[in-house]
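Q: File name input_21.pdb; file contents PDB, C-alpha atoms; full text below.
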```
MODEL        1
ATOM      1  CA  LYS A   1      69.166-111.639  18.052
ATOM      2  CA  TYR A   2      68.859-115.286  19.116
ATOM      3  CA  PRO A   3      68.921-117.381  15.940
ATOM      4  CA  ASN A   4      67.402-120.663  17.181
ATOM      5  CA  ILE A   5      64.861-119.222  19.613
ATOM      6  CA  ASN A   6      61.488-118.307  18.148
ATOM      7  CA  ASN A   7      59.065-118.664  21.059
ATOM      8  CA  ILE A   8      59.904-115.506  23.031
ATOM      9  CA  GLU A   9      57.656-112.489  23.275
ATOM     10  CA  ILE A  10      58.804-109.301  25.013
ATOM     11  CA  ILE A  11      56.014-107.466  26.808
ATOM     12  CA  PHE A  12      56.530-104.057  28.409
ATOM     13  CA  LYS A  13      53.839-103.488  31.049
ATOM     14  CA  ASP A  14      53.135-103.488  34.762
ATOM     15  CA  GLY A  15      53.728-107.089  35.826
ATOM     16  CA  SER A  16      52.581-106.772  39.434
ATOM     17  CA  GLU A  17      49.560-108.968  38.657
ATOM     18  CA  GLY A  18      51.350-111.294  36.258
ATOM     19  CA  LEU A  19      50.110-111.964  32.737
ATOM     20  CA  PRO A  20      46.796-113.780  33.176
ATOM     21  CA  GLU A  21      45.974-113.370  29.479
ATOM     22  CA  HIS A  22      48.966-115.620  28.627
ATOM     23  CA  SER A  23      48.617-118.158  31.459
ATOM     24  CA  PRO A  24      48.953-120.897  32.532
ATOM     25  CA  PHE A  25      52.765-121.039  32.782
ATOM     26  CA  ASP A  26      55.232-123.861  33.388
ATOM     27  CA  GLY A  27      57.464-121.407  35.243
ATOM     28  CA  ILE A  28      57.365-117.872  36.593
ATOM     29  CA  HIS A  29      60.376-115.857  37.773
ATOM     30  CA  LEU A  30      59.822-112.685  39.786
ATOM     31  CA  ALA A  31      62.617-110.107  39.742
ATOM     32  CA  ALA A  32      61.290-107.776  42.457
ATOM     33  CA  ALA A  33      60.113-108.511  45.991
ATOM     34  CA  PHE A  34      56.536-108.680  47.224
ATOM     35  CA  ASP A  35      55.490-108.769  50.879
ATOM     36  CA  GLU A  36      53.985-112.172  50.022
ATOM     37  CA  ILE A  37      53.711-113.831  46.620
ATOM     38  CA  PRO A  38      50.302-112.704  45.288
ATOM     39  CA  GLU A  39      47.653-115.379  44.806
ATOM     40  CA  VAL A  40      46.752-113.808  41.455
ATOM     41  CA  ILE A  41      50.251-114.713  40.216
ATOM     42  CA  LEU A  42      50.363-118.168  41.835
ATOM     43  CA  ASN A  43      47.089-119.048  40.125
ATOM     44  CA  GLN A  44      48.762-118.463  36.744
ATOM     45  CA  LEU A  45      50.938-121.566  37.204
ATOM     46  CA  LYS A  46      50.091-124.839  35.488
ATOM     47  CA  ILE A  47      49.737-127.834  37.784
ATOM     48  CA  GLY A  48      53.341-128.968  38.169
ATOM     49  CA  GLY A  49      54.590-125.450  37.371
ATOM     50  CA  ARG A  50      57.071-123.582  39.573
ATOM     51  CA  LEU A  51      57.486-119.995  40.622
ATOM     52  CA  VAL A  52      60.712-118.509  41.971
ATOM     53  CA  GLY A  53      60.441-115.105  43.602
ATOM     54  CA  PRO A  54      61.838-112.912  46.366
ATOM     55  CA  THR A  55      59.869-111.499  49.280
ATOM     56  CA  LEU A  56      60.429-108.568  51.632
ATOM     57  CA  GLN A  57      61.320-111.101  54.359
ATOM     58  CA  ASN A  58      64.799-111.301  52.709
ATOM     59  CA  ASP A  59      64.189-114.710  51.240
ATOM     60  CA  VAL A  60      63.487-116.400  47.936
ATOM     61  CA  ARG A  61      60.438-118.639  47.673
ATOM     62  CA  VAL A  62      60.127-121.604  45.343
ATOM     63  CA  VAL A  63      56.485-122.518  44.925
ATOM     64  CA  GLU A  64      55.242-125.569  43.032
ATOM     65  CA  ARG A  65      51.588-125.940  42.101
ATOM     66  CA  GLN A  66      50.670-129.509  43.003
ATOM     67  CA  LYS A  67      46.904-129.405  42.418
ATOM     68  CA  GLU A  68      44.383-126.769  41.403
ATOM     69  CA  ASP A  69      44.190-125.471  44.998
ATOM     70  CA  GLN A  70      47.390-126.900  46.517
ATOM     71  CA  PHE A  71      50.891-125.384  46.492
ATOM     72  CA  ARG A  72      54.171-126.514  48.064
ATOM     73  CA  GLU A  73      56.548-123.747  49.123
ATOM     74  CA  THR A  74      60.201-123.830  50.137
ATOM     75  CA  ILE A  75      61.925-120.791  51.634
ATOM     76  CA  HIS A  76      65.578-119.910  51.069
ATOM     77  CA  GLN A  77      66.898-117.265  53.502
ATOM     78  CA  GLY A  78      69.561-114.607  53.097
ATOM     79  CA  PHE A  79      68.592-112.641  49.984
ATOM     80  CA  TYR A  80      67.641-109.016  49.414
ATOM     81  CA  PHE A  81      65.654-107.652  46.483
ATOM     82  CA  LYS A  82      64.073-104.288  45.756
ATOM     83  CA  GLU A  83      60.356-104.022  46.517
ATOM     84  CA  ILE A  84      57.956-104.278  43.560
ATOM     85  CA  GLU A  85      56.730-100.942  42.198
ATOM     86  CA  VAL A  86      53.236-100.959  40.731
ATOM     87  CA  GLY A  87      52.942 -99.343  37.338
ATOM     88  CA  ILE A  88      55.393 -98.921  34.498
ATOM     89  CA  ILE A  89      58.585 -97.327  35.730
TER      90      ILE A  89
ENDMDL
END
```
Any chance you could put this one into structure tokens?
A:
Amino acid sequence: KYPNINNIEIIFKDGSEGLPEHSPFDGIHLAAAFDEIPEVILNQLKIGGRLVGPTLQNDVRVVERQKEDQFRETIHQGFYFKEIEVGII
């Protein structure tokens, strides 16, 4: 479908714990809201990697992994996303 893109893999599964078997990632985008961004997903970022994801506090968080155990988070208010549903829907 996309002639010059050959590094995409489509995976159909419950993503509520990320994809640790394919990590670490340069970037992660979450499409459904968590109460808080799970540590199990944050730990799948490379150092220097960024995650963008909504929370149930009606905001979007941008989290950058700065060191193995250090993250910097910015919060952007005024958004609404559906809550994550565990399992394959």
Q: Where does the PyMOL selection byres ((chain A and resi 47) around 7) land in this file, that is, which residues does it pick, as an NGL selection string?
A: :A and (45-46 or 48-49 or 65-68)
Q: Got a sec to resolve the PyMOL selection byres ((chain A and resi 71-77) around 10) on this structure and send the residues as an NGL selection string?
A: :A and (42-43 or 47-55 or 57-70 or 78-80)
Q: With distances taken over all atoms listed in the file, which residue among A:Ile5, A:Ile11, A:Leu19, A:Ile84 lies nearest Ala31 in chain A?
A: A:Ile84
Q: In Å to one decimal, how far is CA of Leu30 in chain A from CA of Glu85 in chain A?
A: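 For CA of Glu85 in chain A relative to CA of Leu30 in chain A, the distance reads 12.4 Å.
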Q: Just give me the gap between CA of Gly18 in chain A and CA of Pro38 in chain A in Å, one decimal is fine.
A: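 For CA of Gly18 in chain A relative to CA of Pro38 in chain A, the distance reads 9.2 Å.
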Q: CA of Ala32 in chain A to CA of Gly15 in chain A: how many Å, to one decimal?
A: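 CA of Gly15 in chain A lies at a distance of 10.1 Å from CA of Ala32 in chain A.
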Q: Which polymer residues have any atom within 10 Å of an atom of Glu17 in chain A, counting only C-alpha atoms, with same-chain residues fewer than 6 positions away left out, as an MDAnalysis selection string?
A: chainID A and resid 38:42 44 86
